[in-house]
Amino acid sequence: MSPMNFVSLPIIMAFSCAFGNTIAIMPYLYAENEEEFNKYIKENNINCGYLTPSFIYKHSEWEIPWKKCIISSEPADGLYLPNVKCYNAYASTESGCLLAMYEYTNPLTPLPVGKSQSDIKLFILNEEGKEVPQGNIGEICYKNPYVRGYINHPELTNKLIQDNIFHTSDAGEINDEGNLIVHGRLDQMFKVRGYRIDTNDIADAVKKVSNLKNIVVKGFVYKDISSIIVFYTDNIKINAASMREKLFNLLPEYMIPTNYVHLEEFPFLETNKLDKQNLLPPEGSWENLTKISSPNLQLIAKGRTSDIYNFGDNKILKLYHRSIPFNEINKELDLINTVSSFDIPTPYAYEIVRSSNNNYGIIMDKLNGITIEQAIKNNPDKQKFLIEKFTQAIKKLHQTQVQDERIPDIKQTSIMYAKQLNSSFCSNEDKTKIIKIFENIPNTKNFLHGDYHTGNVIITDNKIQFIDLMFCAKGHPVFDILCMYSHYVFLPSFDSDEACILNLGLDKTGAEKLYNLFIKMYYNNKTDNEIANIKEYIKGVHAARICLADVALANVFSNEILQTAKKRALAFYEQLNNFKADIISSLC
């Protein structure tokens, strides 16, 4: 499948000519269309595929109707196609032929590339040019009697071919079975989705759009997840989201750094060479991932804005849907770590990574336990007890007063988004009314989760911890309370009872009863009449808040949901004068 690197095509063409095979070069546009993909395979009678691991990672759910599959050009740990003869191949431009090939019958991590398939000798050398013992990592090298150098490039020939030995700059080892295992690049190059990336190109672009001068760029790739990190020693604070916008004009999307890490100084070896092996992502290393043998990361949970995957070694990957802007993801990373400094129990977040589909995610600590929502599903008889703990946790959270400017003011943020509402969704007159709803809310500095419902609270050994802090802020508690209304009343109203039971473990009537139980516990000193007024106020502010998704979370909610929210918000505006100051203040 195009685009394969230019090494692959002549090797496979030569092989096919020798053995009488027919080659079909599939246009890459078919990689995005399963129907066209299968149609092309059937029409051309293709029974063997030669492509990059990225394609298979990206389309693991596709049925691959081949007898054989040869993968090459990238690491393929854990990759396996059942009922297909699978081969992992290794070559370089200069070899002129496949250097190694390995047939495997089950998913392996690490996945070897096998042994030499010709009279070319493969071996591993250390920095002194000496062959290392079996099992030790060094540079992959080989002797090739058929290739003697680069045409018209004597300097490059002398650099990479010494004493008839070609130095690949790839790190590797020979395992106990005598098979070669490739560990990645030793030099400045790595691959993402089959694209070879030179970190010097990234470094040059970063320097052009910033004041950074002392930087080292390093790529980390595992299966279909990658992270490109800029390590720097300049005394400058860098925002990944703003840098991303600046770099779009200079680099393709897959080359834009995902994170910037400030160091007091770069690590060096005793030889005064930069110690690149010790330039690691914030979580320390990705080595724990080599323990995961499946071709895809295990899906743990699904949500409206993100999916959660096991990332090994008590870490998870929160992978956001494509509709969530990068700047919102970057903001959550900063918010989570800021909140951690307040001693609020929440998992620590490490860095942003990119998937093969250009979805972005955050690696963070995995919390042991289950959500309150799942606990209620598993133990419906303990619903009252669990909601009481849940309510106590949010009331305690709301007692935290926040002055830190890094935490946004939710009222001001809401007004800002309201001013940006699209005219096709909201007229200027309606926009003004929605703004007035937010202006009517008292100014307070309570700490807010921002998306507080039972699915975002983990319970472990009777202790509460908070997750999903993308919208955490300071402001009036009504902004948190309305999330429960949204989760258990408003959004379920657009689903069937069956869908509600699947999502929440309750039918719509049961979900609303749970919301009412929460409200009664939160406002346990209020009369029934006061609570009824409070619920009406929460419902109205919620409607105004949902309208903001047209700007802040485009494509997350359907047009029906947005239109219903707008209608309710405008009706609530007409009733604002009925809510006296004492009712509004009693919401705290």
# chains A, B, ... in the order shown; residues from 1 in each chain; ligands from 1
$ residues_around --residues "A:Phe326" --least-positions-apart "5" --cutoff "9 Å" --atoms "only C-alpha atoms" --output "PDB file with C-alpha atoms, in the first residue's frame"
ATOM      1  CA  ALA A 241      -1.370  24.999  22.808  1.00  0.00           C
ATOM      2  CA  ARG A 244       0.922  24.350  18.288  1.00  0.00           C
ATOM      3  CA  LYS A 331      -5.796  23.248  29.693  1.00  0.00           C
ATOM      4  CA  TYR A 360      -4.965  13.591  21.593  1.00  0.00           C
TER       5      TYR A 360
END
$ residues_around --residues "stretch 38-51 of chain A" --least-positions-apart "3" --cutoff "7 Å" --atoms "only C-alpha atoms" --output "ChimeraX atom specification"
/A:1,4,34-35,66-72
$ write_last_selection --atoms "N, CA and C atoms" --output "CSV table (one decimal), in the first residue's frame"
chain,number,residue,atom,x,y,z
A,1,MET,N,0.8,-1.2,0.0
A,1,MET,CA,0.0,0.0,0.0
A,1,MET,C,0.9,1.2,0.0
A,4,MET,N,4.5,3.5,0.9
A,4,MET,CA,5.5,2.7,1.6
A,4,MET,C,6.8,3.5,1.3
A,34,GLU,N,-13.2,1.1,4.3
A,34,GLU,CA,-13.2,-0.3,4.4
A,34,GLU,C,-13.8,-1.0,3.1
A,35,GLU,N,-14.9,-0.4,2.7
A,35,GLU,CA,-15.6,-0.9,1.5
A,35,GLU,C,-14.8,-0.9,0.3
A,66,TRP,N,-6.5,-12.0,3.8
A,66,TRP,CA,-5.3,-12.4,3.2
A,66,TRP,C,-4.8,-13.8,3.7
A,67,LYS,N,-4.0,-14.4,2.9
A,67,LYS,CA,-3.3,-15.6,3.4
A,67,LYS,C,-2.0,-15.2,4.2
A,68,LYS,N,-1.4,-14.1,3.7
A,68,LYS,CA,-0.1,-13.7,4.3
A,68,LYS,C,-0.1,-12.2,4.5
A,69,CYS,N,0.6,-11.7,5.5
A,69,CYS,CA,0.8,-10.3,5.7
A,69,CYS,C,2.2,-10.0,6.1
A,70,ILE,N,2.9,-9.1,5.4
A,70,ILE,CA,4.3,-8.7,5.7
A,70,ILE,C,4.2,-7.3,6.2
A,71,ILE,N,4.7,-7.1,7.4
A,71,ILE,CA,4.8,-5.7,8.0
A,71,ILE,C,6.2,-5.3,8.1
A,72,SER,N,6.4,-4.0,8.0
A,72,SER,CA,7.8,-3.4,8.0
A,72,SER,C,7.7,-1.9,8.3
$ closest_residue --among "A:Lys208, A:Lys58, A:Lys474, A:Lys411" --to "A:Lys246" --atoms "only C-alpha atoms"
A:Lys208
$ residues_around --residues "stretch 182-184 of chain A" --least-positions-apart "3" --cutoff "10 Å" --atoms "only C-alpha atoms" --output "count of residues only"
26
$ residues_around --residues "A:Lys302" --least-positions-apart "6" --cutoff "10 Å" --atoms "only C-alpha atoms" --output "list in words"
Ile308, Tyr309, Lys318 and Leu319 of chain A
$ select_by_dssp --residues "stretch 184-385 of chain A" --states "alpha helix (DSSP H)" --output "PyMOL selection string"
chain A and resi 199-209+240-247+326-340+372-378+383-385
$ atom_distance --atom1 "atom CA of A:Asn330" --atom2 "atom CA of A:Ser226"
16.0 Å
$ select_by_dssp --residues "stretch 267-472 of chain A" --states "strand (DSSP E or B)" --output "PyMOL selection string"
chain A and resi 268+274+299-302+306-310+315-320+349-355+360-365+370-371+401+409+446-448+457-460+463-466
$ write_last_selection --atoms "N, CA and C atoms" --output "compact mmCIF listing (two decimals), in the first residue's frame"
# COMPACT_ATOMS: atom_id res chain seq x y z
N PHE A 268 24.39 14.48 30.57
CA PHE A 268 25.53 14.17 29.71
C PHE A 268 26.21 12.89 30.20
N LEU A 274 25.71 14.12 24.84
CA LEU A 274 24.36 14.22 25.39
C LEU A 274 23.81 12.82 25.66
N LEU A 299 -9.48 -0.98 26.31
CA LEU A 299 -10.47 0.05 26.61
C LEU A 299 -11.09 -0.24 27.98
N ILE A 300 -11.04 0.77 28.86
CA ILE A 300 -11.57 0.61 30.21
C ILE A 300 -12.95 1.24 30.35
N ALA A 301 -13.13 2.42 29.76
CA ALA A 301 -14.40 3.14 29.91
C ALA A 301 -14.60 4.08 28.73
N LYS A 302 -15.87 4.44 28.46
CA LYS A 302 -16.21 5.37 27.38
C LYS A 302 -17.04 6.51 27.95
N SER A 306 -14.38 11.55 25.92
CA SER A 306 -13.13 10.79 25.86
C SER A 306 -13.37 9.32 26.15
N ASP A 307 -12.36 8.50 25.79
CA ASP A 307 -12.34 7.08 26.12
C ASP A 307 -11.09 6.81 26.96
N ILE A 308 -11.20 5.86 27.89
CA ILE A 308 -10.10 5.58 28.81
C ILE A 308 -9.48 4.23 28.47
N TYR A 309 -8.14 4.19 28.34
CA TYR A 309 -7.41 2.96 28.01
C TYR A 309 -6.38 2.65 29.09
N ASN A 310 -6.14 1.37 29.29
CA ASN A 310 -5.06 0.95 30.18
C ASN A 310 -3.73 1.25 29.49
N LYS A 315 -1.09 3.21 35.02
CA LYS A 315 -1.38 4.46 34.33
C LYS A 315 -2.49 4.23 33.31
N ILE A 316 -3.19 5.28 33.00
CA ILE A 316 -4.24 5.22 31.97
C ILE A 316 -3.98 6.27 30.91
N LEU A 317 -4.57 6.06 29.76
CA LEU A 317 -4.57 7.07 28.70
C LEU A 317 -6.00 7.55 28.52
N LYS A 318 -6.22 8.81 28.79
CA LYS A 318 -7.52 9.43 28.54
C LYS A 318 -7.46 10.02 27.13
N LEU A 319 -8.06 9.30 26.17
CA LEU A 319 -7.98 9.69 24.77
C LEU A 319 -9.25 10.44 24.37
N TYR A 320 -9.09 11.70 24.02
CA TYR A 320 -10.23 12.56 23.73
C TYR A 320 -10.76 12.34 22.32
N ALA A 349 -1.50 13.99 36.39
CA ALA A 349 -1.41 13.91 34.93
C ALA A 349 0.02 14.21 34.49
N TYR A 350 0.48 13.48 33.45
CA TYR A 350 1.88 13.58 33.05
C TYR A 350 2.12 14.33 31.74
N GLU A 351 1.49 13.88 30.68
CA GLU A 351 1.80 14.50 29.39
C GLU A 351 0.71 14.22 28.37
N ILE A 352 0.77 14.98 27.29
CA ILE A 352 -0.15 14.80 26.17
C ILE A 352 0.51 13.90 25.14
N VAL A 353 -0.26 12.96 24.60
CA VAL A 353 0.23 12.10 23.52
C VAL A 353 -0.75 12.16 22.36
N ARG A 354 -0.32 11.59 21.22
CA ARG A 354 -1.13 11.62 20.00
C ARG A 354 -1.35 10.19 19.54
N SER A 355 -2.55 9.88 19.07
CA SER A 355 -2.83 8.55 18.51
C SER A 355 -2.69 8.60 17.00
N TYR A 360 -5.94 13.29 20.54
CA TYR A 360 -4.97 13.59 21.59
C TYR A 360 -5.46 13.07 22.93
N GLY A 361 -4.52 12.72 23.78
CA GLY A 361 -4.88 12.20 25.09
C GLY A 361 -3.88 12.59 26.14
N ILE A 362 -4.23 12.30 27.40
CA ILE A 362 -3.36 12.60 28.53
C ILE A 362 -3.05 11.31 29.27
N ILE A 363 -1.77 11.07 29.54
CA ILE A 363 -1.37 9.95 30.38
C ILE A 363 -1.47 10.40 31.83
N MET A 364 -2.16 9.63 32.65
CA MET A 364 -2.29 9.99 34.07
C MET A 364 -2.31 8.74 34.93
N ASP A 365 -2.18 8.95 36.23
CA ASP A 365 -2.21 7.83 37.17
C ASP A 365 -3.56 7.12 37.11
N ILE A 370 -13.77 1.95 41.74
CA ILE A 370 -14.79 2.11 40.71
C ILE A 370 -15.51 3.43 40.93
N THR A 371 -16.19 3.90 39.90
CA THR A 371 -16.95 5.14 40.04
C THR A 371 -18.17 4.89 40.93
N GLN A 401 -11.96 27.60 49.19
CA GLN A 401 -12.00 28.90 48.53
C GLN A 401 -10.72 29.08 47.70
N ASP A 409 -12.42 31.49 36.40
CA ASP A 409 -13.69 31.87 37.02
C ASP A 409 -14.80 31.39 36.09
N ASN A 446 -15.83 29.53 45.36
CA ASN A 446 -15.81 28.12 45.74
C ASN A 446 -15.10 27.30 44.67
N PHE A 447 -14.34 26.28 45.10
CA PHE A 447 -13.74 25.40 44.11
C PHE A 447 -14.82 24.50 43.52
N LEU A 448 -14.84 24.37 42.20
CA LEU A 448 -15.84 23.58 41.50
C LEU A 448 -15.18 22.49 40.67
N VAL A 457 -16.49 10.36 39.97
CA VAL A 457 -16.00 10.22 41.34
C VAL A 457 -15.67 8.75 41.57
N ILE A 458 -14.43 8.49 41.94
CA ILE A 458 -13.96 7.13 42.21
C ILE A 458 -14.02 6.86 43.71
N ILE A 459 -14.51 5.70 44.08
CA ILE A 459 -14.51 5.30 45.49
C ILE A 459 -13.59 4.11 45.67
N THR A 460 -12.63 4.25 46.59
CA THR A 460 -11.65 3.19 46.88
C THR A 460 -11.53 3.05 48.39
N LYS A 463 -12.91 5.72 50.34
CA LYS A 463 -12.36 7.06 50.14
C LYS A 463 -12.77 7.57 48.76
N ILE A 464 -12.94 8.89 48.66
CA ILE A 464 -13.40 9.53 47.43
C ILE A 464 -12.24 10.22 46.72
N GLN A 465 -12.18 10.03 45.40
CA GLN A 465 -11.22 10.76 44.56
C GLN A 465 -11.94 11.25 43.32
N PHE A 466 -11.47 12.39 42.78
CA PHE A 466 -12.16 13.04 41.66
C PHE A 466 -11.38 12.83 40.37
$ closest_residue --among "A:Leu397, A:Leu482, A:Ala549, A:Leu98" --to "A:Gln420" --atoms "only C-alpha atoms"
A:Ala549
$ atom_distance --atom1 "atom CA of A:Arg322" --atom2 "atom CA of A:Arg304"
11.4 Å
$ closest_residue --among "A:Pro145, A:Gly475, A:Gly96, A:Pro252" --to "A:Ile202" --atoms "only C-alpha atoms"
A:Pro252
$ residues_around --residues "A:Lys237" --least-positions-apart "4" --cutoff "10 Å" --atoms "only C-alpha atoms" --output "PDB file with C-alpha atoms, in the first residue's frame"
ATOM      1  CA  LEU A 212      13.993  28.944  22.776  1.00  0.00           C
ATOM      2  CA  TYR A 260       7.544  20.918  26.383  1.00  0.00           C
ATOM      3  CA  VAL A 261       9.672  19.923  29.369  1.00  0.00           C
ATOM      4  CA  HIS A 262      11.933  22.413  31.143  1.00  0.00           C
TER       5      HIS A 262
END
$ atom_distance --atom1 "atom CA of A:Ile324" --atom2 "atom CA of A:Phe490"
21.7 Å
$ closest_residue --among "A:Gln134, A:His59, A:Ala532, A:Thr233" --to "A:Tyr30" --atoms "only C-alpha atoms"
A:His59
$ residues_around --residues "A:Asp480" --least-positions-apart "4" --cutoff "12 Å" --atoms "only C-alpha atoms" --output "ChimeraX atom specification"
/A:391,394-395,397-398,410-411,446-454,456,469,471-476,484-487,519,522,538,541-542,545,587-588
$ write_last_selection --atoms "C-alpha atoms" --output "PDB file, in the first residue's frame"
ATOM      1  CA  THR A 391     -22.872  14.565  48.435  1.00  0.00           C
ATOM      2  CA  ILE A 394     -18.877  17.756  46.855  1.00  0.00           C
ATOM      3  CA  LYS A 395     -19.957  19.837  49.865  1.00  0.00           C
ATOM      4  CA  LEU A 397     -14.972  20.391  47.889  1.00  0.00           C
ATOM      5  CA  HIS A 398     -17.157  23.513  47.724  1.00  0.00           C
ATOM      6  CA  ILE A 410     -16.591  29.804  35.681  1.00  0.00           C
ATOM      7  CA  LYS A 411     -19.018  32.737  35.598  1.00  0.00           C
ATOM      8  CA  ASN A 446     -15.811  28.120  45.744  1.00  0.00           C
ATOM      9  CA  PHE A 447     -13.742  25.397  44.112  1.00  0.00           C
ATOM     10  CA  LEU A 448     -15.843  23.579  41.498  1.00  0.00           C
ATOM     11  CA  HIS A 449     -15.293  20.229  39.830  1.00  0.00           C
ATOM     12  CA  GLY A 450     -17.038  21.600  36.730  1.00  0.00           C
ATOM     13  CA  ASP A 451     -18.533  18.301  35.548  1.00  0.00           C
ATOM     14  CA  TYR A 452     -19.669  16.788  38.830  1.00  0.00           C
ATOM     15  CA  HIS A 453     -21.678  13.594  38.564  1.00  0.00           C
ATOM     16  CA  THR A 454     -21.386  10.019  39.858  1.00  0.00           C
ATOM     17  CA  ASN A 456     -16.541  11.306  37.739  1.00  0.00           C
ATOM     18  CA  LEU A 469     -11.310  17.890  35.776  1.00  0.00           C
ATOM     19  CA  PHE A 471     -13.909  22.078  33.470  1.00  0.00           C
ATOM     20  CA  CYS A 472     -12.757  22.632  37.060  1.00  0.00           C
ATOM     21  CA  ALA A 473     -13.066  26.258  38.105  1.00  0.00           C
ATOM     22  CA  LYS A 474     -13.948  28.663  40.890  1.00  0.00           C
ATOM     23  CA  GLY A 475     -17.391  30.134  41.242  1.00  0.00           C
ATOM     24  CA  HIS A 476     -20.890  29.481  42.521  1.00  0.00           C
ATOM     25  CA  MET A 484     -26.137  16.178  38.240  1.00  0.00           C
ATOM     26  CA  TYR A 485     -29.361  17.492  36.702  1.00  0.00           C
ATOM     27  CA  SER A 486     -27.796  17.186  33.264  1.00  0.00           C
ATOM     28  CA  HIS A 487     -26.494  13.660  33.877  1.00  0.00           C
ATOM     29  CA  ILE A 519     -30.633  17.573  45.925  1.00  0.00           C
ATOM     30  CA  TYR A 522     -27.209  18.650  49.515  1.00  0.00           C
ATOM     31  CA  ILE A 538     -30.740  24.908  38.644  1.00  0.00           C
ATOM     32  CA  VAL A 541     -28.974  27.907  34.630  1.00  0.00           C
ATOM     33  CA  HIS A 542     -28.293  24.426  33.266  1.00  0.00           C
ATOM     34  CA  ARG A 545     -24.862  26.411  30.298  1.00  0.00           C
ATOM     35  CA  LEU A 587     -27.922  27.802  46.762  1.00  0.00           C
ATOM     36  CA  CYS A 588     -24.525  28.028  48.477  1.00  0.00           C
TER      37      CYS A 588
END
$ decode --residues "stretch 26-116 of chain A" --atoms "C-alpha atoms" --output "PDB file, in the first residue's frame"
ATOM      1  CA  MET A  26      -3.141   0.138  -3.603  1.00  0.00           C
ATOM      2  CA  PRO A  27      -3.857   3.894  -3.556  1.00  0.00           C
ATOM      3  CA  TYR A  28      -3.622   5.204   0.013  1.00  0.00           C
ATOM      4  CA  LEU A  29      -7.079   6.778  -0.160  1.00  0.00           C
ATOM      5  CA  TYR A  30      -8.489   3.257   0.279  1.00  0.00           C
ATOM      6  CA  ALA A  31      -6.928   3.179   3.732  1.00  0.00           C
ATOM      7  CA  GLU A  32      -9.822   5.308   4.993  1.00  0.00           C
ATOM      8  CA  ASN A  33     -12.637   3.317   3.381  1.00  0.00           C
ATOM      9  CA  GLU A  34     -13.171  -0.317   4.351  1.00  0.00           C
ATOM     10  CA  GLU A  35     -15.640  -0.935   1.515  1.00  0.00           C
ATOM     11  CA  GLU A  36     -13.233   0.363  -1.149  1.00  0.00           C
ATOM     12  CA  PHE A  37     -10.351  -1.443   0.556  1.00  0.00           C
ATOM     13  CA  ASN A  38     -12.095  -4.832   0.383  1.00  0.00           C
ATOM     14  CA  LYS A  39     -13.389  -4.156  -3.127  1.00  0.00           C
ATOM     15  CA  TYR A  40      -9.854  -3.455  -4.370  1.00  0.00           C
ATOM     16  CA  ILE A  41      -8.534  -6.622  -2.718  1.00  0.00           C
ATOM     17  CA  LYS A  42     -11.278  -8.765  -4.248  1.00  0.00           C
ATOM     18  CA  GLU A  43     -11.036  -7.283  -7.769  1.00  0.00           C
ATOM     19  CA  ASN A  44      -7.242  -7.714  -7.839  1.00  0.00           C
ATOM     20  CA  ASN A  45      -7.270 -11.164  -6.223  1.00  0.00           C
ATOM     21  CA  ILE A  46      -4.816 -10.053  -3.536  1.00  0.00           C
ATOM     22  CA  ASN A  47      -3.806 -12.748  -1.044  1.00  0.00           C
ATOM     23  CA  CYS A  48      -0.747 -11.111   0.564  1.00  0.00           C
ATOM     24  CA  GLY A  49      -0.399  -7.626   2.037  1.00  0.00           C
ATOM     25  CA  TYR A  50       2.764  -5.603   2.527  1.00  0.00           C
ATOM     26  CA  LEU A  51       2.199  -2.490   4.624  1.00  0.00           C
ATOM     27  CA  THR A  52       3.091  -0.574   7.776  1.00  0.00           C
ATOM     28  CA  PRO A  53       1.942  -1.605  11.261  1.00  0.00           C
ATOM     29  CA  SER A  54       0.226   1.803  11.589  1.00  0.00           C
ATOM     30  CA  PHE A  55      -2.449   0.757   9.123  1.00  0.00           C
ATOM     31  CA  ILE A  56      -3.321  -2.391  11.054  1.00  0.00           C
ATOM     32  CA  TYR A  57      -3.284  -0.595  14.410  1.00  0.00           C
ATOM     33  CA  LYS A  58      -5.627   2.036  13.020  1.00  0.00           C
ATOM     34  CA  HIS A  59      -8.048  -0.493  11.477  1.00  0.00           C
ATOM     35  CA  SER A  60      -7.785  -3.431  13.840  1.00  0.00           C
ATOM     36  CA  GLU A  61     -11.536  -4.031  13.509  1.00  0.00           C
ATOM     37  CA  TRP A  62     -11.325  -4.493   9.721  1.00  0.00           C
ATOM     38  CA  GLU A  63     -11.408  -8.020   8.369  1.00  0.00           C
ATOM     39  CA  ILE A  64      -8.163  -8.682   6.483  1.00  0.00           C
ATOM     40  CA  PRO A  65      -8.908 -11.481   3.964  1.00  0.00           C
ATOM     41  CA  TRP A  66      -5.294 -12.415   3.185  1.00  0.00           C
ATOM     42  CA  LYS A  67      -3.281 -15.593   3.399  1.00  0.00           C
ATOM     43  CA  LYS A  68      -0.131 -13.692   4.330  1.00  0.00           C
ATOM     44  CA  CYS A  69       0.790 -10.282   5.717  1.00  0.00           C
ATOM     45  CA  ILE A  70       4.262  -8.733   5.740  1.00  0.00           C
ATOM     46  CA  ILE A  71       4.758  -5.710   7.987  1.00  0.00           C
ATOM     47  CA  SER A  72       7.769  -3.449   8.029  1.00  0.00           C
ATOM     48  CA  SER A  73       9.066   0.082   8.519  1.00  0.00           C
ATOM     49  CA  GLU A  74       7.900   0.562  12.142  1.00  0.00           C
ATOM     50  CA  PRO A  75       7.857  -1.202  15.526  1.00  0.00           C
ATOM     51  CA  ALA A  76       5.059  -3.788  15.580  1.00  0.00           C
ATOM     52  CA  ASP A  77       5.004  -4.994  19.191  1.00  0.00           C
ATOM     53  CA  GLY A  78       1.879  -6.997  20.009  1.00  0.00           C
ATOM     54  CA  LEU A  79       0.578  -6.847  16.441  1.00  0.00           C
ATOM     55  CA  TYR A  80      -1.031 -10.056  15.170  1.00  0.00           C
ATOM     56  CA  LEU A  81      -3.696 -11.054  12.638  1.00  0.00           C
ATOM     57  CA  PRO A  82      -5.431 -14.357  13.451  1.00  0.00           C
ATOM     58  CA  ASN A  83      -5.787 -16.861  10.591  1.00  0.00           C
ATOM     59  CA  VAL A  84      -3.144 -14.992   8.566  1.00  0.00           C
ATOM     60  CA  LYS A  85       0.523 -15.959   8.132  1.00  0.00           C
ATOM     61  CA  CYS A  86       2.283 -12.970   9.707  1.00  0.00           C
ATOM     62  CA  TYR A  87       5.826 -11.837   8.961  1.00  0.00           C
ATOM     63  CA  ASN A  88       7.817  -8.979  10.477  1.00  0.00           C
ATOM     64  CA  ALA A  89      10.522  -7.663   8.141  1.00  0.00           C
ATOM     65  CA  TYR A  90      13.538  -5.405   8.510  1.00  0.00           C
ATOM     66  CA  ALA A  91      15.541  -3.617   5.808  1.00  0.00           C
ATOM     67  CA  SER A  92      17.317  -0.359   5.092  1.00  0.00           C
ATOM     68  CA  THR A  93      17.732   1.707   1.956  1.00  0.00           C
ATOM     69  CA  GLU A  94      21.375   0.690   1.676  1.00  0.00           C
ATOM     70  CA  SER A  95      20.822  -3.049   2.047  1.00  0.00           C
ATOM     71  CA  GLY A  96      19.070  -3.470  -1.303  1.00  0.00           C
ATOM     72  CA  CYS A  97      17.261  -6.515   0.079  1.00  0.00           C
ATOM     73  CA  LEU A  98      15.425  -7.676   3.175  1.00  0.00           C
ATOM     74  CA  LEU A  99      17.930  -7.952   6.002  1.00  0.00           C
ATOM     75  CA  ALA A 100      15.762 -10.052   8.272  1.00  0.00           C
ATOM     76  CA  MET A 101      12.359 -11.732   8.294  1.00  0.00           C
ATOM     77  CA  TYR A 102      10.425 -13.349  11.119  1.00  0.00           C
ATOM     78  CA  GLU A 103       7.276 -15.477  10.943  1.00  0.00           C
ATOM     79  CA  TYR A 104       5.226 -15.421  14.137  1.00  0.00           C
ATOM     80  CA  THR A 105       2.030 -17.187  15.198  1.00  0.00           C
ATOM     81  CA  ASN A 106       0.912 -15.140  18.221  1.00  0.00           C
ATOM     82  CA  PRO A 107       1.238 -11.551  19.497  1.00  0.00           C
ATOM     83  CA  LEU A 108       4.709 -10.881  20.899  1.00  0.00           C
ATOM     84  CA  THR A 109       6.223  -7.984  22.800  1.00  0.00           C
ATOM     85  CA  PRO A 110       8.884  -7.233  21.806  1.00  0.00           C
ATOM     86  CA  LEU A 111       8.309  -8.603  18.304  1.00  0.00           C
ATOM     87  CA  PRO A 112      11.560  -9.819  16.639  1.00  0.00           C
ATOM     88  CA  VAL A 113      12.381  -9.167  12.991  1.00  0.00           C
ATOM     89  CA  GLY A 114      14.158 -12.525  12.729  1.00  0.00           C
ATOM     90  CA  LYS A 115      17.429 -13.554  11.136  1.00  0.00           C
ATOM     91  CA  SER A 116      19.321 -12.660   7.978  1.00  0.00           C
TER      92      SER A 116
END
